[in-house]
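Raw query_38.cif, mmCIF, C-alpha atoms and all ligand atoms:
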data_entry
loop_
_atom_site.label_atom_id
_atom_site.label_comp_id
_atom_site.auth_asym_id
_atom_site.auth_seq_id
_atom_site.Cartn_x
_atom_site.Cartn_y
_atom_site.Cartn_z
CA MET Y 1 -17.93 -28.27 -14.77
CA HIS Y 2 -17.65 -24.50 -14.56
CA GLU Y 3 -14.87 -24.47 -11.91
CA MET Y 4 -12.69 -26.81 -13.97
CA ALA Y 5 -12.92 -24.45 -16.97
CA LEU Y 6 -11.99 -21.53 -14.72
CA ALA Y 7 -9.04 -23.45 -13.26
CA GLU Y 8 -7.80 -24.23 -16.78
CA SER Y 9 -8.07 -20.58 -17.75
CA VAL Y 10 -6.00 -19.61 -14.68
CA LEU Y 11 -3.32 -22.09 -15.70
CA GLY Y 12 -3.38 -20.74 -19.27
CA LEU Y 13 -2.79 -17.25 -17.91
CA ILE Y 14 0.13 -18.48 -15.78
CA GLU Y 15 1.68 -20.23 -18.80
CA ASP Y 16 1.38 -17.05 -20.86
CA ALA Y 17 3.07 -15.06 -18.08
CA ARG Y 18 5.84 -17.66 -17.87
CA ARG Y 19 6.52 -17.40 -21.60
CA ARG Y 20 6.89 -13.64 -21.24
CA GLN Y 21 8.78 -13.54 -17.92
CA GLY Y 22 10.58 -16.90 -17.76
CA PHE Y 23 10.12 -17.65 -14.04
CA ALA Y 24 10.88 -21.10 -12.63
CA ARG Y 25 7.89 -21.53 -10.39
CA VAL Y 26 4.85 -19.86 -8.93
CA ARG Y 27 4.79 -19.41 -5.16
CA ALA Y 28 1.32 -17.96 -4.83
CA VAL Y 29 -1.69 -17.10 -6.92
CA ARG Y 30 -4.09 -14.46 -5.70
CA LEU Y 31 -7.58 -14.70 -7.11
CA GLU Y 32 -10.44 -12.30 -6.80
CA ILE Y 33 -13.81 -13.98 -7.03
CA GLY Y 34 -16.95 -11.94 -7.45
CA ALA Y 35 -19.69 -12.71 -4.95
CA LEU Y 36 -22.08 -13.03 -7.92
CA ALA Y 37 -19.76 -15.08 -10.14
CA GLY Y 38 -21.37 -18.37 -9.12
CA VAL Y 39 -18.00 -19.88 -8.23
CA GLU Y 40 -17.78 -22.49 -5.49
CA VAL Y 41 -14.47 -21.59 -3.86
CA GLU Y 42 -13.80 -25.09 -2.50
CA ALA Y 43 -14.61 -26.69 -5.86
CA LEU Y 44 -12.33 -24.19 -7.58
CA ARG Y 45 -9.49 -25.00 -5.16
CA SER Y 46 -9.88 -28.73 -5.91
CA CYS Y 47 -9.82 -28.07 -9.66
CA LEU Y 48 -6.76 -25.82 -9.37
CA ALA Y 49 -4.94 -28.55 -7.43
CA ILE Y 50 -5.63 -30.94 -10.33
CA VAL Y 51 -4.66 -28.63 -13.20
CA PHE Y 52 -1.60 -27.25 -11.36
CA GLU Y 53 -0.23 -30.71 -10.61
CA ARG Y 54 2.12 -30.92 -13.61
CA SER Y 55 2.82 -27.22 -13.98
CA VAL Y 56 5.12 -24.50 -12.63
CA ALA Y 57 2.31 -23.72 -10.18
CA ARG Y 58 2.19 -27.16 -8.56
CA ALA Y 59 3.40 -25.85 -5.17
CA ALA Y 60 1.59 -22.52 -5.34
CA ARG Y 61 -0.44 -21.22 -2.45
CA ILE Y 62 -3.88 -20.17 -3.60
CA GLU Y 63 -5.43 -17.10 -2.01
CA CYS Y 64 -9.04 -16.32 -2.75
CA ALA Y 65 -10.52 -12.91 -2.01
CA ILE Y 66 -14.21 -12.35 -2.49
CA ALA Y 67 -15.15 -9.15 -4.34
CA PRO Y 68 -18.51 -7.78 -3.21
CA GLY Y 69 -21.42 -7.76 -5.62
CA SER Y 70 -23.48 -4.73 -6.49
CA GLY Y 71 -26.14 -3.77 -8.94
CA TYR Y 72 -28.42 -1.02 -10.19
CA CYS Y 73 -32.05 -1.14 -9.18
CA LEU Y 74 -34.40 -0.20 -12.03
CA ASP Y 75 -37.25 0.27 -9.56
CA CYS Y 76 -35.71 2.88 -7.24
CA GLY Y 77 -32.75 4.02 -9.36
CA GLN Y 78 -30.13 3.28 -6.72
CA THR Y 79 -26.89 1.34 -6.77
CA VAL Y 80 -27.25 -1.37 -4.14
CA ALA Y 81 -25.20 -4.16 -2.62
CA MET Y 82 -26.09 -7.64 -3.84
CA ASP Y 83 -25.16 -10.96 -2.31
CA ALA Y 84 -26.98 -13.12 -4.85
CA LEU Y 85 -27.98 -12.75 -8.49
CA TYR Y 86 -31.69 -12.05 -8.93
CA ALA Y 87 -32.08 -10.98 -5.30
CA ALA Y 88 -34.68 -8.30 -4.59
CA CYS Y 89 -33.51 -4.74 -3.97
CA PRO Y 90 -32.51 -4.23 -0.32
CA ARG Y 91 -33.84 -0.64 -0.41
CA CYS Y 92 -37.23 -0.92 -2.11
CA ALA Y 93 -37.66 -4.71 -2.38
CA GLY Y 94 -38.13 -4.33 -6.13
CA PRO Y 95 -37.31 -7.36 -8.26
CA HIS Y 96 -35.48 -5.55 -11.07
CA VAL Y 97 -31.88 -5.25 -9.92
CA GLN Y 98 -29.24 -5.60 -12.61
CA ALA Y 99 -25.88 -6.83 -11.40
CA THR Y 100 -23.04 -4.49 -12.33
CA HIS Y 101 -20.10 -5.68 -10.20
CA GLY Y 102 -18.90 -8.96 -8.76
CA MET Y 103 -19.86 -11.29 -11.63
CA GLN Y 104 -16.33 -12.29 -12.58
CA MET Y 105 -13.28 -14.06 -11.34
CA ARG Y 106 -9.83 -12.69 -12.08
CA VAL Y 107 -6.22 -13.33 -11.22
CA ARG Y 108 -5.14 -10.36 -9.13
CA ASP Y 109 -1.46 -11.29 -9.08
CA LEU Y 110 1.13 -14.02 -9.13
CA MET Y 111 4.12 -14.39 -6.83
CA VAL Y 112 6.87 -16.06 -8.83
CA GLU Y 113 10.54 -16.90 -8.52
ZN ZN H 1 -34.68 -0.61 -5.42
#

Spell out the structure here as structure tokens.
Ligand SMILES: [Zn+2]
Amino acid sequence: MHEMALAESVLGLIEDARRRQGFARVRAVRLEIGALAGVEVEALRSCLAIVFERSVARAARIECAIAPGSGYCLDCGQTVAMDALYAACPRCAGPHVQATHGMQMRVRDLMVE
């Protein structure tokens, strides 16, 4: 499952940060999830709860912000907003829009103590 792999990568990042910074626990994790990343936020939250259970992040609050998607339309040459991959262009209805932003998930920051 895609969300479980993402959750494990978030924990890996937290463990790396802990080795460098030596904090005792994580109070909050702020994630930015691209609208085109294909991430189910509720599924991701469930997976994070599982992988965080035995870690310094077990009590962490998880905040998810959605980053808007956008792409470049090869038909009309404009940069356009996208809310789904492979959606038609909202300006010219052309089918050849290449996603350029909003395909990834990243950890924006950690609140630690
Ligand atoms: Zn277009």

For this session: Using only C-alpha atoms, pick whichever of Y:Val80, Y:Cys92, Y:Ile66, Y:Met111 has the shortest atom-to-atom distance to Gly34 (chain Y).
Result: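 Looking only at the distances to Gly34 (chain Y), the closest residue turns out to be Y:Ile66.
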
For this session: Select the residues contacting ligand ZN 1 (chain H) at a distance of at most 8 Å, based on all atoms listed in the file, then format the selection as a ChimeraX atom specification.
Result: /Y:72-78,80,88-97

For this session: Tell me, as a ChimeraX atom specification, which residues lie within 9 Å of Ile50 (chain Y), counting all atoms listed in the file; anything in the same chain fewer than 4 positions away does not count.
Result: /Y:4,7,45-46,54,58

Exercise. Excluding same-chain residues fewer than 6 positions from Gly102 (chain Y), what lies within 10 Å of it counting only C-alpha atoms, as a ChimeraX atom specification?
Worked result: /Y:32-38,66-71,82-85

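Note that the spacing between CA of Gln104 (chain Y) and CA of Ala57 (chain Y) amounts to 22.0 Å.
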
Problem set entry | Nearest-residue call for Glu3 (chain Y), choices Y:Met105, Y:Gln98, Y:Ala28, Y:Arg18, using only C-alpha atoms | Y:Met105

Exercise. For Thr100 (chain Y), which residue among Y:Val112, Y:Thr79, Y:Arg25, Y:Tyr86 is the nearest when counting all atoms listed in the file?
Worked result: Y:Thr79

Problem set entry | Gap from CA of Val29 (chain Y) to CA of Ile62 (chain Y) - Å, one decimal |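 Result for CA of Val29 (chain Y) versus CA of Ile62 (chain Y): 5.0 Å, one decimal.
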
Exercise. Closest to Leu13 (chain Y) among Y:Glu63, Y:Glu40, Y:Glu53, Y:Asp109, using all atoms listed in the file?
Worked result: Y:Asp109

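The closest residue to Val26 (chain Y), picked from Y:Ala59, Y:Ala5, Y:Leu48, Y:Ala43 and counting only C-alpha atoms, is Y:Ala59.
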
Problem set entry | Between CA of His2 (chain Y) and CA of Phe23 (chain Y) - distance in Å to one decimal | 28.6 Å

Exercise. From the list Y:Arg19, Y:His101, Y:Arg30, Y:Arg108, which residue is nearest Cys64 (chain Y) when using all atoms listed in the file?
Worked result: Y:Arg30

Exercise. Any idea what's packed within 10 Å of Leu6 (chain Y), counting all atoms listed in the file, ignoring anything in its chain fewer than 6 positions away? Could you give it as a PyMOL selection string?
Worked result: chain Y and resi 12+39+44+47-48+105-106

Output as a PDB file, in the coordinates of the input: region 8-31 of chain Y, completed with N, CA and C atoms.
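So rebuild-v8.pdb came out as:
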ATOM      1  N   GLU Y   8      -8.621 -24.104 -15.578  1.00  0.00           N
ATOM      2  CA  GLU Y   8      -7.800 -24.230 -16.780  1.00  0.00           C
ATOM      3  C   GLU Y   8      -7.454 -22.858 -17.350  1.00  0.00           C
ATOM      4  N   SER Y   9      -8.375 -21.916 -17.239  1.00  0.00           N
ATOM      5  CA  SER Y   9      -8.070 -20.580 -17.750  1.00  0.00           C
ATOM      6  C   SER Y   9      -7.018 -19.896 -16.871  1.00  0.00           C
ATOM      7  N   VAL Y  10      -7.037 -20.171 -15.562  1.00  0.00           N
ATOM      8  CA  VAL Y  10      -6.000 -19.610 -14.680  1.00  0.00           C
ATOM      9  C   VAL Y  10      -4.640 -20.184 -15.059  1.00  0.00           C
ATOM     10  N   LEU Y  11      -4.589 -21.485 -15.306  1.00  0.00           N
ATOM     11  CA  LEU Y  11      -3.320 -22.090 -15.700  1.00  0.00           C
ATOM     12  C   LEU Y  11      -2.839 -21.522 -17.044  1.00  0.00           C
ATOM     13  N   GLY Y  12      -3.758 -21.308 -17.965  1.00  0.00           N
ATOM     14  CA  GLY Y  12      -3.380 -20.740 -19.270  1.00  0.00           C
ATOM     15  C   GLY Y  12      -2.749 -19.362 -19.100  1.00  0.00           C
ATOM     16  N   LEU Y  13      -3.322 -18.581 -18.191  1.00  0.00           N
ATOM     17  CA  LEU Y  13      -2.790 -17.250 -17.910  1.00  0.00           C
ATOM     18  C   LEU Y  13      -1.381 -17.327 -17.309  1.00  0.00           C
ATOM     19  N   ILE Y  14      -1.193 -18.298 -16.410  1.00  0.00           N
ATOM     20  CA  ILE Y  14       0.130 -18.480 -15.780  1.00  0.00           C
ATOM     21  C   ILE Y  14       1.149 -18.895 -16.841  1.00  0.00           C
ATOM     22  N   GLU Y  15       0.740 -19.788 -17.753  1.00  0.00           N
ATOM     23  CA  GLU Y  15       1.680 -20.230 -18.800  1.00  0.00           C
ATOM     24  C   GLU Y  15       2.043 -19.079 -19.736  1.00  0.00           C
ATOM     25  N   ASP Y  16       1.086 -18.229 -20.036  1.00  0.00           N
ATOM     26  CA  ASP Y  16       1.380 -17.050 -20.860  1.00  0.00           C
ATOM     27  C   ASP Y  16       2.387 -16.141 -20.153  1.00  0.00           C
ATOM     28  N   ALA Y  17       2.166 -15.929 -18.850  1.00  0.00           N
ATOM     29  CA  ALA Y  17       3.070 -15.060 -18.080  1.00  0.00           C
ATOM     30  C   ALA Y  17       4.465 -15.675 -18.033  1.00  0.00           C
ATOM     31  N   ARG Y  18       4.529 -17.003 -17.935  1.00  0.00           N
ATOM     32  CA  ARG Y  18       5.840 -17.660 -17.870  1.00  0.00           C
ATOM     33  C   ARG Y  18       6.597 -17.513 -19.192  1.00  0.00           C
ATOM     34  N   ARG Y  19       5.868 -17.585 -20.301  1.00  0.00           N
ATOM     35  CA  ARG Y  19       6.520 -17.400 -21.600  1.00  0.00           C
ATOM     36  C   ARG Y  19       7.105 -15.994 -21.721  1.00  0.00           C
ATOM     37  N   ARG Y  20       6.409 -15.028 -21.166  1.00  0.00           N
ATOM     38  CA  ARG Y  20       6.890 -13.640 -21.240  1.00  0.00           C
ATOM     39  C   ARG Y  20       8.009 -13.369 -20.228  1.00  0.00           C
ATOM     40  N   GLN Y  21       7.888 -13.931 -19.021  1.00  0.00           N
ATOM     41  CA  GLN Y  21       8.780 -13.540 -17.920  1.00  0.00           C
ATOM     42  C   GLN Y  21       9.826 -14.589 -17.573  1.00  0.00           C
ATOM     43  N   GLY Y  22       9.591 -15.857 -17.957  1.00  0.00           N
ATOM     44  CA  GLY Y  22      10.580 -16.900 -17.760  1.00  0.00           C
ATOM     45  C   GLY Y  22      10.871 -17.273 -16.317  1.00  0.00           C
ATOM     46  N   PHE Y  23       9.883 -17.230 -15.424  1.00  0.00           N
ATOM     47  CA  PHE Y  23      10.120 -17.650 -14.040  1.00  0.00           C
ATOM     48  C   PHE Y  23      10.130 -19.169 -13.924  1.00  0.00           C
ATOM     49  N   ALA Y  24      10.722 -19.654 -12.807  1.00  0.00           N
ATOM     50  CA  ALA Y  24      10.880 -21.100 -12.630  1.00  0.00           C
ATOM     51  C   ALA Y  24       9.664 -21.732 -11.949  1.00  0.00           C
ATOM     52  N   ARG Y  25       9.101 -21.004 -10.996  1.00  0.00           N
ATOM     53  CA  ARG Y  25       7.890 -21.530 -10.390  1.00  0.00           C
ATOM     54  C   ARG Y  25       7.042 -20.432  -9.783  1.00  0.00           C
ATOM     55  N   VAL Y  26       5.803 -20.809  -9.500  1.00  0.00           N
ATOM     56  CA  VAL Y  26       4.850 -19.860  -8.930  1.00  0.00           C
ATOM     57  C   VAL Y  26       4.704 -20.187  -7.454  1.00  0.00           C
ATOM     58  N   ARG Y  27       4.925 -19.189  -6.607  1.00  0.00           N
ATOM     59  CA  ARG Y  27       4.790 -19.410  -5.160  1.00  0.00           C
ATOM     60  C   ARG Y  27       3.373 -19.196  -4.673  1.00  0.00           C
ATOM     61  N   ALA Y  28       2.694 -18.231  -5.263  1.00  0.00           N
ATOM     62  CA  ALA Y  28       1.320 -17.960  -4.830  1.00  0.00           C
ATOM     63  C   ALA Y  28       0.517 -17.354  -5.967  1.00  0.00           C
ATOM     64  N   VAL Y  29      -0.755 -17.654  -5.950  1.00  0.00           N
ATOM     65  CA  VAL Y  29      -1.690 -17.100  -6.920  1.00  0.00           C
ATOM     66  C   VAL Y  29      -2.790 -16.425  -6.108  1.00  0.00           C
ATOM     67  N   ARG Y  30      -3.018 -15.160  -6.397  1.00  0.00           N
ATOM     68  CA  ARG Y  30      -4.090 -14.460  -5.700  1.00  0.00           C
ATOM     69  C   ARG Y  30      -5.259 -14.251  -6.647  1.00  0.00           C
ATOM     70  N   LEU Y  31      -6.387 -14.788  -6.266  1.00  0.00           N
ATOM     71  CA  LEU Y  31      -7.580 -14.700  -7.110  1.00  0.00           C
ATOM     72  C   LEU Y  31      -8.596 -13.780  -6.453  1.00  0.00           C
TER      73      LEU Y  31
END
